[in-house]
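Some notes on the structure that comes next.
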Amino acid sequence: MTRLFNAGARDMKPVESTKLQRTLAMALRKRFPSPPFVAVLPILALLFHALPLHAQIEWTPEAQISLDDVYDDRLPQIASGPDGKVWVVWTGFDGYDREVLASTWNAEAWSLPVRVNSDNSADDVYPDVAVGPDGNVWVVWTTAVSGGTRLYYARWAGDGWEQEELVFPELEDEPGPGSPVLEVDSWGTPWLIWSWWPPDQGSRELFYSRWLAGAWSDAQPFSEEPGPGDVGGRDLATGENGEVWVMWVRSLGSPTWESVSLYTHWEEDGWAPVDTFPRAEVATQLDIGPDGEVWVAWSEGGDIYSSSCSEGDWSERERITAPDSTWAGQNAGDADAHICVAPIGSPWVSWVGREWGYGDFDQEIYFSHRTGGRWSPEQRISTADGFRDEYSDLAVANDGQAWVVWEGWDGTDREVLTSRSVNHVEGITSQHFSAEPNVWWAPNPVVLGCKTTITRPCPGDQTVVFDLLGRRVRQIECRLSSGRSDAPTEVALVWDCRDDTGELVCPGTYVVHLSTGGCVSERRIVVLK
């Protein structure tokens, strides 16, 4: 295979050549046999580097996570953790009622599905899963009861799921929320959004809560005044620097009954004013890159589009799918887009490709990733089998490996299927992720007077706590938890919410600056009363 070198790279990294590049090279060789050809190599290399170099991503054959039965397993959701584990939750029907099931990938295989909720006679549906930087796994779902639904959550205890609890016990007798979305921010704080139709309001609204001091905060709406209603999709995303963004669809009511996409983000003490997304009416799926750039994906007119926001400015929409991406073309379309940004900032999108033609009907799972400033040609992940593959979800692990999970129908029942990328996107190596120590603080937020502990894989040179004005508050001494001082090991750093004089700090937000071996990490810690 012909290999070209990027003349602008210090290490002269080889990159795969495309058919067009090889054709150009052969033509130039005929025109300039030697040494003139050597003279133009740097210019030629720069030209080649500007061309799209989208290597095909290989995917493992789709694997079934759910048990092989005659019942329906539906609505899977996926999340990856800092320890490399990947978690999938879904709704499984056992012939009597629906339960929340979970499975985890641990280096070699998927575990057998286990029940997350207690055995009951109610339908437990719409689960979502999130993993925090401390490795804690959270699951939320709704349970159907007489007169409405109840919102529950459960946590992984290391060897099993803790007993589920109501998110809002005080709302047990009121019509409950639906379709929850869960994320855990870089401080380890879970955030939760859901739709709800309160008894004293005439429309469905979007609400949020977050985990503070061992309990969920009071349910709060995003809208100050009830409107025609928050409907359709919704999504919640958190970033590496504590960012939290929410996007949802709102109906404008009569006479047109049009809809718009709204978004907001969390600031120091509350949500920024709600704004209207300028690129589409029904964009809801978003994620945040390590540089704070926000990426959005949506379906419009049977195609998948994307846009990004950096420093408050949205880019023009960009088509991800090709205009003739589905065969036959009759009532064809792509929908149900999900977007995830890799730790190095490369966005991935998965979606359902719908295909009709000549009496046949099929739905398959497709994906694209963004490299070199553009989206790669779409590739199919699922096997073309003439049945419906739908409700996909997407996660990208810390090592750059992408995972997709979806609901597949084989003509008899629905099963949960998954696939993962075999090769990585260009430039991704395990060395990239050593640029910042893998650290997390727990608990965060911390209650004034308590202690919070940092764990990381190697001893540090300096750990200093600053306030938001940049003033030094405390220098923390490290303690080796195991091993020799000259060998990589875990280090425990404890901060008791006191300054260098021994006095308790004031409630607020603080920045912990850690440097080790030339690597730097900064994390925010919230101190509560």
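Convention: chains lettered A, B, ... in structure tokens order; per-chain residue numbering from 1; ligands numbered from 1 as shown.
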For stretch 101-117 of chain A, list every protein, DNA or RNA residue within 10 Å, evaluated using only C-alpha atoms, and leave out those in the same chain fewer than 6 positions away; present the list as a JSON list (two decimals) with all heavy atoms, in the first residue's frame.
```json
[["chain", "number", "residue", "atom", "x", "y", "z"],
["A", 63, "ALA", "N", -23.26, -8.07, 18.37],
["A", 63, "ALA", "CA", -23.40, -9.08, 19.41],
["A", 63, "ALA", "C", -24.67, -8.82, 20.21],
["A", 63, "ALA", "O", -25.05, -7.66, 20.43],
["A", 63, "ALA", "CB", -22.20, -9.07, 20.34],
["A", 64, "GLN", "N", -25.32, -9.87, 20.63],
["A", 64, "GLN", "CA", -26.55, -9.74, 21.41],
["A", 64, "GLN", "C", -26.21, -9.72, 22.89],
["A", 64, "GLN", "O", -25.56, -10.63, 23.40],
["A", 64, "GLN", "CB", -27.50, -10.90, 21.09],
["A", 64, "GLN", "CG", -28.83, -10.82, 21.82],
["A", 64, "GLN", "CD", -29.79, -11.90, 21.35],
["A", 64, "GLN", "OE1", -29.91, -12.14, 20.15],
["A", 64, "GLN", "NE2", -30.47, -12.54, 22.30],
["A", 65, "ILE", "N", -26.67, -8.69, 23.59],
["A", 65, "ILE", "CA", -26.45, -8.58, 25.04],
["A", 65, "ILE", "C", -27.59, -9.22, 25.80],
["A", 65, "ILE", "O", -27.38, -9.90, 26.80],
["A", 65, "ILE", "CB", -26.30, -7.10, 25.45],
["A", 65, "ILE", "CG1", -25.15, -6.44, 24.71],
["A", 65, "ILE", "CG2", -26.10, -6.98, 26.95],
["A", 65, "ILE", "CD1", -24.98, -4.98, 25.02],
["A", 66, "SER", "N", -28.81, -8.98, 25.35],
["A", 66, "SER", "CA", -29.98, -9.51, 26.05],
["A", 66, "SER", "C", -30.05, -11.02, 25.89],
["A", 66, "SER", "O", -29.48, -11.60, 24.96],
["A", 66, "SER", "CB", -31.25, -8.86, 25.50],
["A", 66, "SER", "OG", -31.32, -9.03, 24.09],
["A", 67, "LEU", "N", -30.76, -11.66, 26.79],
["A", 67, "LEU", "CA", -30.94, -13.11, 26.73],
["A", 67, "LEU", "C", -31.82, -13.47, 25.55],
["A", 67, "LEU", "O", -32.74, -12.73, 25.18],
["A", 67, "LEU", "CB", -31.56, -13.62, 28.03],
["A", 67, "LEU", "CG", -30.73, -13.44, 29.30],
["A", 67, "LEU", "CD1", -31.50, -13.92, 30.51],
["A", 67, "LEU", "CD2", -29.38, -14.16, 29.19],
["A", 73, "ASP", "N", -36.91, -6.82, 24.29],
["A", 73, "ASP", "CA", -35.93, -6.04, 25.03],
["A", 73, "ASP", "C", -35.75, -4.74, 24.26],
["A", 73, "ASP", "O", -35.33, -4.75, 23.09],
["A", 73, "ASP", "CB", -34.61, -6.79, 25.15],
["A", 73, "ASP", "CG", -34.76, -8.08, 25.93],
["A", 73, "ASP", "OD1", -34.86, -8.01, 27.16],
["A", 73, "ASP", "OD2", -34.80, -9.15, 25.29],
["A", 76, "PRO", "N", -32.40, 0.60, 24.68],
["A", 76, "PRO", "CA", -31.09, 0.52, 25.34],
["A", 76, "PRO", "C", -30.40, 1.88, 25.42],
["A", 76, "PRO", "O", -30.56, 2.73, 24.56],
["A", 76, "PRO", "CB", -30.32, -0.44, 24.43],
["A", 76, "PRO", "CG", -30.92, -0.23, 23.08],
["A", 76, "PRO", "CD", -32.38, 0.04, 23.32],
["A", 77, "GLN", "N", -29.63, 2.05, 26.47],
["A", 77, "GLN", "CA", -28.79, 3.24, 26.67],
["A", 77, "GLN", "C", -27.41, 2.77, 27.10],
["A", 77, "GLN", "O", -27.27, 1.76, 27.80],
["A", 77, "GLN", "CB", -29.39, 4.17, 27.73],
["A", 77, "GLN", "CG", -30.73, 4.77, 27.34],
["A", 77, "GLN", "CD", -30.59, 5.81, 26.25],
["A", 77, "GLN", "OE1", -29.84, 6.77, 26.37],
["A", 77, "GLN", "NE2", -31.31, 5.60, 25.16],
["A", 78, "ILE", "N", -26.36, 3.53, 26.71],
["A", 78, "ILE", "CA", -24.99, 3.10, 26.95],
["A", 78, "ILE", "C", -24.18, 4.23, 27.56],
["A", 78, "ILE", "O", -24.44, 5.42, 27.30],
["A", 78, "ILE", "CB", -24.35, 2.61, 25.63],
["A", 78, "ILE", "CG1", -23.02, 1.91, 25.90],
["A", 78, "ILE", "CG2", -24.18, 3.76, 24.65],
["A", 78, "ILE", "CD1", -22.48, 1.19, 24.67],
["A", 79, "ALA", "N", -23.18, 3.89, 28.39],
["A", 79, "ALA", "CA", -22.26, 4.87, 28.98],
["A", 79, "ALA", "C", -20.95, 4.17, 29.27],
["A", 79, "ALA", "O", -20.91, 2.97, 29.57],
["A", 79, "ALA", "CB", -22.85, 5.46, 30.27],
["A", 80, "SER", "N", -19.85, 4.92, 29.18],
["A", 80, "SER", "CA", -18.52, 4.37, 29.47],
["A", 80, "SER", "C", -17.96, 5.06, 30.72],
["A", 80, "SER", "O", -18.28, 6.22, 31.00],
["A", 80, "SER", "CB", -17.57, 4.57, 28.29],
["A", 80, "SER", "OG", -17.40, 5.95, 28.01],
["A", 83, "ASP", "N", -12.71, 3.66, 34.16],
["A", 83, "ASP", "CA", -11.96, 2.42, 34.32],
["A", 83, "ASP", "C", -12.02, 1.53, 33.09],
["A", 83, "ASP", "O", -11.52, 0.40, 33.12],
["A", 83, "ASP", "CB", -12.49, 1.65, 35.53],
["A", 83, "ASP", "CG", -13.99, 1.40, 35.47],
["A", 83, "ASP", "OD1", -14.61, 1.81, 34.47],
["A", 83, "ASP", "OD2", -14.53, 0.80, 36.42],
["A", 84, "GLY", "N", -12.62, 2.01, 32.01],
["A", 84, "GLY", "CA", -12.70, 1.23, 30.79],
["A", 84, "GLY", "C", -13.94, 0.37, 30.67],
["A", 84, "GLY", "O", -14.19, -0.22, 29.62],
["A", 85, "LYS", "N", -14.74, 0.28, 31.72],
["A", 85, "LYS", "CA", -15.98, -0.50, 31.65],
["A", 85, "LYS", "C", -17.04, 0.26, 30.87],
["A", 85, "LYS", "O", -17.10, 1.48, 30.91],
["A", 85, "LYS", "CB", -16.50, -0.80, 33.05],
["A", 85, "LYS", "CG", -15.66, -1.81, 33.83],
["A", 85, "LYS", "CD", -16.31, -2.14, 35.16],
["A", 85, "LYS", "CE", -15.51, -3.18, 35.92],
["A", 85, "LYS", "NZ", -16.15, -3.51, 37.23],
["A", 86, "VAL", "N", -17.85, -0.48, 30.15],
["A", 86, "VAL", "CA", -18.96, 0.08, 29.40],
["A", 86, "VAL", "C", -20.24, -0.53, 29.94],
["A", 86, "VAL", "O", -20.34, -1.75, 30.12],
["A", 86, "VAL", "CB", -18.82, -0.21, 27.89],
["A", 86, "VAL", "CG1", -19.99, 0.35, 27.12],
["A", 86, "VAL", "CG2", -17.51, 0.36, 27.37],
["A", 87, "TRP", "N", -21.24, 0.31, 30.20],
["A", 87, "TRP", "CA", -22.49, -0.13, 30.81],
["A", 87, "TRP", "C", -23.64, 0.08, 29.83],
["A", 87, "TRP", "O", -23.71, 1.10, 29.15],
["A", 87, "TRP", "CB", -22.77, 0.66, 32.09],
["A", 87, "TRP", "CG", -21.76, 0.43, 33.17],
["A", 87, "TRP", "CD1", -20.51, 0.98, 33.26],
["A", 87, "TRP", "CD2", -21.90, -0.43, 34.30],
["A", 87, "TRP", "NE1", -19.87, 0.53, 34.38],
["A", 87, "TRP", "CE2", -20.71, -0.34, 35.05],
["A", 87, "TRP", "CE3", -22.93, -1.24, 34.78],
["A", 87, "TRP", "CZ2", -20.50, -1.05, 36.23],
["A", 87, "TRP", "CZ3", -22.73, -1.95, 35.95],
["A", 87, "TRP", "CH2", -21.53, -1.86, 36.66],
["A", 88, "VAL", "N", -24.55, -0.90, 29.78],
["A", 88, "VAL", "CA", -25.76, -0.80, 28.97],
["A", 88, "VAL", "C", -26.96, -1.15, 29.84],
["A", 88, "VAL", "O", -26.92, -2.13, 30.58],
["A", 88, "VAL", "CB", -25.70, -1.74, 27.75],
["A", 88, "VAL", "CG1", -27.04, -1.74, 27.01],
["A", 88, "VAL", "CG2", -24.59, -1.33, 26.80],
["A", 89, "VAL", "N", -28.01, -0.34, 29.76],
["A", 89, "VAL", "CA", -29.26, -0.64, 30.44],
["A", 89, "VAL", "C", -30.39, -0.63, 29.41],
["A", 89, "VAL", "O", -30.28, 0.02, 28.37],
["A", 89, "VAL", "CB", -29.57, 0.38, 31.57],
["A", 89, "VAL", "CG1", -28.51, 0.33, 32.64],
["A", 89, "VAL", "CG2", -29.71, 1.79, 31.01],
["A", 90, "TRP", "N", -31.44, -1.38, 29.69],
["A", 90, "TRP", "CA", -32.58, -1.42, 28.78],
["A", 90, "TRP", "C", -33.81, -1.93, 29.53],
["A", 90, "TRP", "O", -33.72, -2.35, 30.70],
["A", 90, "TRP", "CB", -32.27, -2.31, 27.57],
["A", 90, "TRP", "CG", -32.14, -3.77, 27.88],
["A", 90, "TRP", "CD1", -33.11, -4.73, 27.85],
["A", 90, "TRP", "CD2", -30.93, -4.46, 28.26],
["A", 90, "TRP", "NE1", -32.59, -5.96, 28.17],
["A", 90, "TRP", "CE2", -31.26, -5.82, 28.43],
["A", 90, "TRP", "CE3", -29.61, -4.05, 28.47],
["A", 90, "TRP", "CZ2", -30.32, -6.77, 28.81],
["A", 90, "TRP", "CZ3", -28.67, -5.00, 28.85],
["A", 90, "TRP", "CH2", -29.03, -6.34, 29.01],
["A", 91, "THR", "N", -34.94, -1.90, 28.84],
["A", 91, "THR", "CA", -36.20, -2.41, 29.39],
["A", 91, "THR", "C", -36.44, -3.81, 28.83],
["A", 91, "THR", "O", -36.45, -4.00, 27.61],
["A", 91, "THR", "CB", -37.37, -1.50, 29.03],
["A", 91, "THR", "OG1", -37.22, -0.25, 29.69],
["A", 91, "THR", "CG2", -38.69, -2.12, 29.47],
["A", 92, "GLY", "N", -36.61, -4.78, 29.71],
["A", 92, "GLY", "CA", -36.86, -6.15, 29.30],
["A", 92, "GLY", "C", -38.25, -6.61, 29.75],
["A", 92, "GLY", "O", -38.65, -6.36, 30.89],
["A", 93, "PHE", "N", -38.98, -7.24, 28.84],
["A", 93, "PHE", "CA", -40.33, -7.75, 29.13],
["A", 93, "PHE", "C", -40.25, -9.25, 29.35],
["A", 93, "PHE", "O", -39.74, -9.98, 28.49],
["A", 93, "PHE", "CB", -41.27, -7.41, 27.99],
["A", 93, "PHE", "CG", -42.69, -7.84, 28.21],
["A", 93, "PHE", "CD1", -43.42, -7.33, 29.28],
["A", 93, "PHE", "CD2", -43.30, -8.76, 27.37],
["A", 93, "PHE", "CE1", -44.73, -7.72, 29.49],
["A", 93, "PHE", "CE2", -44.61, -9.15, 27.57],
["A", 93, "PHE", "CZ", -45.32, -8.63, 28.63],
["A", 124, "ASP", "N", -41.49, -0.98, 34.36],
["A", 124, "ASP", "CA", -40.34, -0.09, 34.57],
["A", 124, "ASP", "C", -39.74, 0.21, 33.20],
["A", 124, "ASP", "O", -39.22, -0.71, 32.53],
["A", 124, "ASP", "CB", -39.31, -0.74, 35.48],
["A", 124, "ASP", "CG", -39.90, -1.09, 36.84],
["A", 124, "ASP", "OD1", -40.08, -0.18, 37.64],
["A", 124, "ASP", "OD2", -40.21, -2.28, 37.06],
["A", 127, "PRO", "N", -35.22, 3.68, 30.84],
["A", 127, "PRO", "CA", -34.03, 3.82, 31.69],
["A", 127, "PRO", "C", -32.96, 4.67, 31.03],
["A", 127, "PRO", "O", -32.91, 4.81, 29.80],
["A", 127, "PRO", "CB", -33.56, 2.37, 31.84],
["A", 127, "PRO", "CG", -33.97, 1.73, 30.54],
["A", 127, "PRO", "CD", -35.28, 2.38, 30.16],
["A", 129, "VAL", "N", -28.51, 5.62, 31.85],
["A", 129, "VAL", "CA", -27.35, 5.28, 32.67],
["A", 129, "VAL", "C", -26.28, 6.33, 32.47],
["A", 129, "VAL", "O", -26.13, 6.89, 31.39],
["A", 129, "VAL", "CB", -26.82, 3.87, 32.32],
["A", 129, "VAL", "CG1", -26.40, 3.81, 30.85],
["A", 129, "VAL", "CG2", -25.68, 3.46, 33.24],
["A", 139, "VAL", "N", -28.34, 4.88, 37.52],
["A", 139, "VAL", "CA", -29.40, 4.53, 36.59],
["A", 139, "VAL", "C", -30.70, 5.17, 37.07],
["A", 139, "VAL", "O", -30.99, 5.18, 38.27],
["A", 139, "VAL", "CB", -29.59, 3.00, 36.47],
["A", 139, "VAL", "CG1", -30.79, 2.67, 35.58],
["A", 139, "VAL", "CG2", -28.34, 2.35, 35.90],
["A", 140, "VAL", "N", -31.47, 5.73, 36.14],
["A", 140, "VAL", "CA", -32.79, 6.28, 36.45],
["A", 140, "VAL", "C", -33.81, 5.64, 35.51],
["A", 140, "VAL", "O", -33.46, 5.18, 34.42],
["A", 140, "VAL", "CB", -32.84, 7.81, 36.31],
["A", 140, "VAL", "CG1", -31.93, 8.49, 37.31],
["A", 140, "VAL", "CG2", -32.48, 8.24, 34.89],
["A", 141, "TRP", "N", -35.07, 5.62, 35.91],
["A", 141, "TRP", "CA", -36.14, 5.10, 35.07],
["A", 141, "TRP", "C", -37.48, 5.53, 35.65],
["A", 141, "TRP", "O", -37.54, 6.07, 36.76],
["A", 141, "TRP", "CB", -36.07, 3.58, 34.96],
["A", 141, "TRP", "CG", -36.38, 2.85, 36.24],
["A", 141, "TRP", "CD1", -37.61, 2.40, 36.66],
["A", 141, "TRP", "CD2", -35.45, 2.49, 37.27],
["A", 141, "TRP", "NE1", -37.50, 1.78, 37.88],
["A", 141, "TRP", "CE2", -36.19, 1.82, 38.28],
["A", 141, "TRP", "CE3", -34.08, 2.66, 37.45],
["A", 141, "TRP", "CZ2", -35.59, 1.34, 39.44],
["A", 141, "TRP", "CZ3", -33.49, 2.17, 38.61],
["A", 141, "TRP", "CH2", -34.24, 1.52, 39.58],
["A", 143, "THR", "N", -41.49, 4.21, 36.58],
["A", 143, "THR", "CA", -42.33, 3.05, 36.88],
["A", 143, "THR", "C", -43.79, 3.45, 36.77],
["A", 143, "THR", "O", -44.22, 4.42, 37.39],
["A", 143, "THR", "CB", -42.04, 2.50, 38.28],
["A", 143, "THR", "OG1", -40.68, 2.06, 38.34],
["A", 143, "THR", "CG2", -42.96, 1.33, 38.61],
["A", 152, "TYR", "N", -37.53, 6.73, 39.59],
["A", 152, "TYR", "CA", -36.64, 6.03, 40.51],
["A", 152, "TYR", "C", -35.19, 6.18, 40.06],
["A", 152, "TYR", "O", -34.91, 6.45, 38.89],
["A", 152, "TYR", "CB", -36.99, 4.54, 40.55],
["A", 152, "TYR", "CG", -38.21, 4.20, 41.38],
["A", 152, "TYR", "CD1", -39.47, 4.16, 40.81],
["A", 152, "TYR", "CD2", -38.09, 3.90, 42.73],
["A", 152, "TYR", "CE1", -40.60, 3.84, 41.56],
["A", 152, "TYR", "CE2", -39.20, 3.57, 43.49],
["A", 152, "TYR", "CZ", -40.45, 3.55, 42.91],
["A", 152, "TYR", "OH", -41.56, 3.23, 43.66],
["A", 153, "TYR", "N", -34.28, 5.93, 41.01],
["A", 153, "TYR", "CA", -32.86, 5.86, 40.69],
["A", 153, "TYR", "C", -32.22, 4.74, 41.51],
["A", 153, "TYR", "O", -32.74, 4.33, 42.57],
["A", 153, "TYR", "CB", -32.15, 7.18, 40.98],
["A", 153, "TYR", "CG", -31.90, 7.46, 42.45],
["A", 153, "TYR", "CD1", -30.67, 7.19, 43.04],
["A", 153, "TYR", "CD2", -32.91, 7.99, 43.26],
["A", 153, "TYR", "CE1", -30.44, 7.44, 44.38],
["A", 153, "TYR", "CE2", -32.69, 8.26, 44.60],
["A", 153, "TYR", "CZ", -31.45, 7.98, 45.15],
["A", 153, "TYR", "OH", -31.23, 8.22, 46.49],
["A", 154, "ALA", "N", -31.09, 4.23, 41.03],
["A", 154, "ALA", "CA", -30.32, 3.21, 41.74],
["A", 154, "ALA", "C", -28.85, 3.42, 41.42],
["A", 154, "ALA", "O", -28.50, 4.00, 40.38],
["A", 154, "ALA", "CB", -30.76, 1.80, 41.35],
["A", 155, "ARG", "N", -27.98, 2.94, 42.32],
["A", 155, "ARG", "CA", -26.53, 3.07, 42.13],
["A", 155, "ARG", "C", -25.87, 1.70, 42.23],
["A", 155, "ARG", "O", -26.33, 0.83, 42.96],
["A", 155, "ARG", "CB", -25.94, 4.03, 43.17],
["A", 155, "ARG", "CG", -26.39, 5.46, 43.02],
["A", 155, "ARG", "CD", -25.86, 6.35, 44.12],
["A", 155, "ARG", "NE", -26.51, 6.06, 45.39],
["A", 155, "ARG", "CZ", -26.30, 6.74, 46.52],
["A", 155, "ARG", "NH1", -25.46, 7.75, 46.51],
["A", 155, "ARG", "NH2", -26.94, 6.43, 47.62],
["A", 156, "TRP", "N", -24.77, 1.56, 41.52],
["A", 156, "TRP", "CA", -24.00, 0.32, 41.57],
["A", 156, "TRP", "C", -23.14, 0.31, 42.82],
["A", 156, "TRP", "O", -22.40, 1.27, 43.08],
["A", 156, "TRP", "CB", -23.14, 0.19, 40.31],
["A", 156, "TRP", "CG", -22.26, -1.03, 40.28],
["A", 156, "TRP", "CD1", -20.92, -1.06, 40.45],
["A", 156, "TRP", "CD2", -22.68, -2.37, 40.05],
["A", 156, "TRP", "NE1", -20.46, -2.35, 40.34],
["A", 156, "TRP", "CE2", -21.53, -3.17, 40.10],
["A", 156, "TRP", "CE3", -23.91, -2.96, 39.81],
["A", 156, "TRP", "CZ2", -21.57, -4.55, 39.90],
["A", 156, "TRP", "CZ3", -23.96, -4.34, 39.61],
["A", 156, "TRP", "CH2", -22.81, -5.11, 39.66],
["A", 160, "GLY", "N", -23.20, -5.30, 43.13],
["A", 160, "GLY", "CA", -24.63, -5.41, 42.89],
["A", 160, "GLY", "C", -25.28, -4.04, 42.97],
["A", 160, "GLY", "O", -24.64, -3.05, 43.34],
["A", 161, "TRP", "N", -26.55, -3.98, 42.59],
["A", 161, "TRP", "CA", -27.26, -2.71, 42.61],
["A", 161, "TRP", "C", -27.89, -2.44, 43.96],
["A", 161, "TRP", "O", -28.46, -3.36, 44.58],
["A", 161, "TRP", "CB", -28.36, -2.70, 41.54],
["A", 161, "TRP", "CG", -27.80, -2.72, 40.16],
["A", 161, "TRP", "CD1", -27.62, -3.81, 39.36],
["A", 161, "TRP", "CD2", -27.30, -1.60, 39.43],
["A", 161, "TRP", "NE1", -27.04, -3.44, 38.18],
["A", 161, "TRP", "CE2", -26.85, -2.09, 38.17],
["A", 161, "TRP", "CE3", -27.21, -0.24, 39.69],
["A", 161, "TRP", "CZ2", -26.30, -1.26, 37.21],
["A", 161, "TRP", "CZ3", -26.67, 0.60, 38.72],
["A", 161, "TRP", "CH2", -26.22, 0.09, 37.50],
["A", 162, "GLU", "N", -27.72, -1.21, 44.44],
["A", 162, "GLU", "CA", -28.38, -0.83, 45.68],
["A", 162, "GLU", "C", -29.89, -0.80, 45.49],
["A", 162, "GLU", "O", -30.41, -0.75, 44.37],
["A", 162, "GLU", "CB", -27.91, 0.56, 46.12],
["A", 162, "GLU", "CG", -26.43, 0.64, 46.47],
["A", 162, "GLU", "CD", -26.02, 2.04, 46.86],
["A", 162, "GLU", "OE1", -26.84, 2.97, 46.71],
["A", 162, "GLU", "OE2", -24.87, 2.22, 47.31],
["A", 163, "GLN", "N", -30.62, -0.86, 46.60],
["A", 163, "GLN", "CA", -32.07, -0.77, 46.54],
["A", 163, "GLN", "C", -32.49, 0.54, 45.88],
["A", 163, "GLN", "O", -31.97, 1.62, 46.23],
["A", 163, "GLN", "CB", -32.67, -0.85, 47.95],
["A", 163, "GLN", "CG", -34.17, -0.73, 48.02],
["A", 163, "GLN", "CD", -34.87, -1.94, 47.45],
["A", 163, "GLN", "OE1", -34.35, -3.05, 47.55],
["A", 163, "GLN", "NE2", -36.04, -1.75, 46.87],
["A", 164, "GLU", "N", -33.38, 0.47, 44.90],
["A", 164, "GLU", "CA", -33.81, 1.70, 44.23],
["A", 164, "GLU", "C", -34.59, 2.59, 45.19],
["A", 164, "GLU", "O", -35.21, 2.11, 46.14],
["A", 164, "GLU", "CB", -34.66, 1.38, 43.00],
["A", 164, "GLU", "CG", -36.07, 0.93, 43.30],
["A", 164, "GLU", "CD", -36.18, -0.58, 43.38],
["A", 164, "GLU", "OE1", -35.15, -1.24, 43.67],
["A", 164, "GLU", "OE2", -37.27, -1.11, 43.15],
["A", 165, "GLU", "N", -34.56, 3.88, 44.90],
["A", 165, "GLU", "CA", -35.28, 4.85, 45.72],
["A", 165, "GLU", "C", -36.00, 5.85, 44.81],
["A", 165, "GLU", "O", -35.58, 6.10, 43.67],
["A", 165, "GLU", "CB", -34.32, 5.61, 46.65],
["A", 165, "GLU", "CG", -33.62, 4.72, 47.66],
["A", 165, "GLU", "CD", -32.76, 5.53, 48.61],
["A", 165, "GLU", "OE1", -33.12, 6.70, 48.88],
["A", 165, "GLU", "OE2", -31.72, 5.02, 49.06]]
```
**Message:** Which residues are near A:Ser217? Cut-off 12 Å, only C-alpha atoms, ignore same chain within fewer than 5 positions. Put them as a list in words.
**Reply:** Val167, Phe168, Pro169, Thr189, Pro190, Trp191, Leu192, Ile193, Phe207, Tyr208, Ser209, Arg210, Trp211 and Leu212 of chain A
**Item:** In stretch 228-406 of chain A, DSSP strand (DSSP E or B) residues written as a ChimeraX atom specification
**Value:** /A:230-238,244-251,259-266,271,275-276,285-288,294-300,303-310,313-314,318-319,333-341,347-357,360-371,374-375,379-380,388-396,402-406
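If you look at atom CA of A:Gln56 and atom CA of A:Trp403, they are 15.7 Å away from each other.
Relative to atom CA of A:Leu262, atom CA of A:Trp187 is found at 25.4 Å.
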